[in-house]
Amino acid sequence: MATNIVFYNLDNLYDTLDDPNTDDDEYTPAGSKRWTPDKYRKKLSNLADVIASISEMKGGFPAVIGVSEIENDTVLNDLVSQRRIADVGYKFVHYESNDARGVDVAFLYRPALFELMESAPVKPVLRSGREYIGRDMLYVRGLLKGEMFCFYVCHFLSRRKGVGVSDGFRRAGAETVYNHSREIVKKYPGIKIIVMGDMNDRPCDASLTEKLRAKKKISEVGENDFYNPFWDLMDAGQGSSLHYRKWTLYDNIIVSRNLVRDCKGLKLTQMEDKHNAIIFRRKFMLRRAFPFGTYRGYKFIGGYSDHLPIVIRLED
């Protein structure tokens with residue numbers, strides 16, 4: 001039976017209240033983006049429409065949805081309560097981090113399919129050995145359809161200030177996830193691992209190929225390696241967001257060897273387009289063939305997200 005796993009960058013899902021501890025002023029009614037309750041409700045409804053549309057695929061509503069760019073528990077509660085998805089009964093895991101803008105990652109799950117056992121924030125460890133004071137990664141362990149799984153949800157540092165300035169932080173994040181996953185495997189031999197997120201790096205970049213050891217081909221995946229099914233989509237010219245007006249693929253879902261090789265139980269399977277992953281798109285999510293975001297600059301245009309969600313499918 002098919003099980004869909006999704007990652008979705010929600011494009012600045014803020015409530016309308018000012019948090020004095022973070023730089024969220026632009027997403028308030030008096031801020032530069034004039035973020036009002038009506039705009040907030042429109043954004044929530046739009047995101048729920050996307051999740052409901054994903055449910056029309058084989059496998060139905062995702063068992064797990066990793067998300068980034070969410071402000072707090074309030075916006076998560078409001079999202080899972082939206083009319084089109086409320087009956088699914090999504091629960092979530094979220095920890096506040098020290099991100100200057102107040103946005104974090106979170107993990108949504110269907111309790112009927114996933115039994116939560118353990119979770120924790122994971123702080124990137126820099127080359128100097130100190131922890132990075134900023135946005136954390138998220139670790140979640142539990143039973144997916146009775147099998148032990150470990151999930152990591154990531155949003156690595158953006159390239160906004162330049163690739164060279166930020167590259168080391170993305171490498172540190174990927175290396176931290178890899179080292180943490182090795183410790184989990186020692187504790188729970190045979191556990192299946194899925195790493196997902198907005199990596200702000202492509203499948204071919206060093207943070208993922210060298211530090212996370214995510215391979216392009218299943219045949220290359222060794223015992224302690226990962227497989228990145230989105231590499232093929234990148235090679236085919238596909239992307240989930242725009243960078244300097246060109247498609248790029250910074251959103252990734254990466255899986256451990258035991259989901260693709262010598263696997264029993266749940267395993268990665270091909271999607272409708274014969275790839276092992278898809279970038280989910282429907283016409284209503286696009287404007288002029290590109291992601292229909294919430295804002296264009298400071299103008300509210302009432303869209304969905306400046307990223308498209310990405311999906312993998314498991315079958316037993």
# chains A, B, ... in the order shown; residues from 1 in each chain; ligands from 1

$ residues_around --residues "Leu17 in chain A" --least-positions-apart "3" --cutoff "12 Å" --atoms "only C-alpha atoms" --output "ChimeraX atom specification"
/A:14,20-31,34-37,40,71-72,74-75

$ write_last_selection --atoms "C-alpha atoms" --output "PDB file, in the first residue's frame"
ATOM      1  CA  TYR A  14       3.640  33.972  10.212  1.00  0.00           C
ATOM      2  CA  PRO A  20       9.309  41.089  20.639  1.00  0.00           C
ATOM      3  CA  ASN A  21      12.035  38.427  20.657  1.00  0.00           C
ATOM      4  CA  THR A  22      12.338  38.065  16.857  1.00  0.00           C
ATOM      5  CA  ASP A  23      12.575  40.215  13.751  1.00  0.00           C
ATOM      6  CA  ASP A  24       9.037  39.533  12.526  1.00  0.00           C
ATOM      7  CA  ASP A  25       7.838  43.137  12.299  1.00  0.00           C
ATOM      8  CA  GLU A  26       7.208  43.075   8.530  1.00  0.00           C
ATOM      9  CA  TYR A  27       4.616  40.321   9.071  1.00  0.00           C
ATOM     10  CA  THR A  28       2.340  42.418  11.256  1.00  0.00           C
ATOM     11  CA  PRO A  29      -0.562  44.697  10.257  1.00  0.00           C
ATOM     12  CA  ALA A  30       1.632  47.776  10.762  1.00  0.00           C
ATOM     13  CA  GLY A  31       4.690  46.210   9.111  1.00  0.00           C
ATOM     14  CA  ARG A  34       0.769  44.916   5.931  1.00  0.00           C
ATOM     15  CA  TRP A  35       0.193  41.335   7.093  1.00  0.00           C
ATOM     16  CA  THR A  36      -3.452  41.327   8.196  1.00  0.00           C
ATOM     17  CA  PRO A  37      -5.748  38.591   9.582  1.00  0.00           C
ATOM     18  CA  TYR A  40      -3.212  35.248   6.980  1.00  0.00           C
ATOM     19  CA  GLU A  71       6.718  30.900  12.961  1.00  0.00           C
ATOM     20  CA  ASN A  72       5.248  28.960  15.893  1.00  0.00           C
ATOM     21  CA  THR A  74      -0.118  28.878  16.551  1.00  0.00           C
ATOM     22  CA  VAL A  75       0.317  28.816  12.781  1.00  0.00           C
TER      23      VAL A  75
END

$ residues_around --residues "range 150-159 of chain A" --least-positions-apart "5" --cutoff "8 Å" --atoms "only C-alpha atoms" --output "PyMOL selection string"
chain A and resi 66-68+104-107+135-142+165-167+169-170+173+177+191-200

$ residues_around --residues "range 41-52 of chain A" --least-positions-apart "6" --cutoff "7 Å" --atoms "only C-alpha atoms" --output "PyMOL selection string"
chain A and resi 79+82+84-85+304

$ residues_around --residues "Arg202 in chain A" --least-positions-apart "3" --cutoff "12 Å" --atoms "only C-alpha atoms" --output "ChimeraX atom specification"
/A:156,159,167,170,197-199,205-209,214,216,228-235,237-241,243,247-254

$ select_by_dssp --residues "range 21-228 of chain A" --states "alpha helix (DSSP H)" --output "count of residues only"
52

$ residues_around --residues "range 278-287 of chain A" --least-positions-apart "3" --cutoff "6 Å" --atoms "only C-alpha atoms" --output "MDAnalysis selection string"
chainID A and resid 290:292 309:311

$ write_last_selection --atoms "all heavy atoms" --output "CSV table (one decimal), in the first residue's frame"
chain,number,residue,atom,x,y,z
A,290,PHE,N,5.4,29.8,-13.1
A,290,PHE,CA,6.4,29.8,-11.9
A,290,PHE,C,5.6,29.7,-10.6
A,290,PHE,O,4.4,30.0,-10.6
A,290,PHE,CB,7.3,31.0,-12.0
A,290,PHE,CG,8.2,31.0,-13.2
A,290,PHE,CD1,8.1,32.0,-14.1
A,290,PHE,CD2,9.1,30.0,-13.4
A,290,PHE,CE1,8.9,32.1,-15.2
A,290,PHE,CE2,9.9,30.0,-14.5
A,290,PHE,CZ,9.8,31.0,-15.4
A,291,PRO,N,6.2,29.4,-9.5
A,291,PRO,CA,5.5,29.3,-8.2
A,291,PRO,C,4.8,30.6,-7.9
A,291,PRO,O,5.3,31.6,-8.0
A,291,PRO,CB,6.6,29.0,-7.2
A,291,PRO,CG,7.7,28.3,-8.0
A,291,PRO,CD,7.6,28.9,-9.4
A,292,PHE,N,3.5,30.4,-7.5
A,292,PHE,CA,2.6,31.5,-7.2
A,292,PHE,C,2.8,31.8,-5.7
A,292,PHE,O,2.1,31.1,-4.9
A,292,PHE,CB,1.2,31.2,-7.6
A,292,PHE,CG,0.2,32.2,-7.4
A,292,PHE,CD1,0.5,33.6,-7.2
A,292,PHE,CD2,-1.2,31.9,-7.5
A,292,PHE,CE1,-0.4,34.5,-7.0
A,292,PHE,CE2,-2.1,32.9,-7.4
A,292,PHE,CZ,-1.8,34.2,-7.1
A,309,PRO,N,5.9,21.9,-3.4
A,309,PRO,CA,6.2,20.8,-2.5
A,309,PRO,C,6.9,19.6,-3.3
A,309,PRO,O,6.7,19.5,-4.5
A,309,PRO,CB,4.8,20.3,-2.0
A,309,PRO,CG,3.9,20.9,-3.0
A,309,PRO,CD,4.5,22.1,-3.6
A,310,ILE,N,7.6,18.8,-2.6
A,310,ILE,CA,8.3,17.6,-3.2
A,310,ILE,C,7.8,16.4,-2.5
A,310,ILE,O,7.4,16.4,-1.3
A,310,ILE,CB,9.8,17.7,-3.1
A,310,ILE,CG1,10.3,17.9,-1.7
A,310,ILE,CG2,10.3,18.9,-4.0
A,310,ILE,CD1,11.8,17.8,-1.5
A,311,VAL,N,7.7,15.3,-3.2
A,311,VAL,CA,7.1,14.1,-2.7
A,311,VAL,C,7.9,12.8,-3.1
A,311,VAL,O,8.5,12.7,-4.2
A,311,VAL,CB,5.7,13.9,-3.3
A,311,VAL,CG1,4.9,12.7,-2.7
A,311,VAL,CG2,4.9,15.2,-3.3

$ select_by_dssp --residues "range 5-156 of chain A" --states "strand (DSSP E or B)" --output "VMD selection string"
chain A and resid 5 to 13 64 to 70 91 to 94 104 to 109 114 to 122 125 131 137 to 144 147 to 155

$ closest_residue --among "A:Ile65, A:Arg101, A:Ser128, A:Ser32" --to "Phe300 in chain A" --atoms "only C-alpha atoms"
A:Ser32

$ closest_residue --among "A:Gly129, A:Gly293, A:Gly134, A:Gly222" --to "Asp99 in chain A" --atoms "only C-alpha atoms"
A:Gly134

$ atom_distance --atom1 "CA of Asn9 in chain A" --atom2 "CA of Thr294 in chain A"
12.3 Å

$ closest_residue --among "A:Leu314, A:Val122, A:Leu259, A:Ala2" --to "Gly60 in chain A" --atoms "only C-alpha atoms"
A:Ala2

$ closest_residue --among "A:Glu131, A:Asp201, A:Asp273, A:Asp15" --to "Asn98 in chain A" --atoms "only C-alpha atoms"
A:Glu131

$ atom_distance --atom1 "CA of Gly168 in chain A" --atom2 "CA of Pro203 in chain A"
16.2 Å

$ closest_residue --among "A:Ile5, A:Leu212, A:Leu143, A:Leu242" --to "Met57 in chain A" --atoms "only C-alpha atoms"
A:Ile5

$ closest_residue --among "A:Lys39, A:Arg313, A:Arg296, A:Lys217" --to "Thr269 in chain A" --atoms "only C-alpha atoms"
A:Arg313

$ residues_around --residues "Leu144 in chain A" --least-positions-apart "6" --cutoff "9 Å" --atoms "only C-alpha atoms" --output "list in words"
Ala63, Leu113, Phe114, Glu115, Leu116 and Leu266 of chain A

$ atom_distance --atom1 "CA of Lys187 in chain A" --atom2 "CA of Ala174 in chain A"
20.3 Å
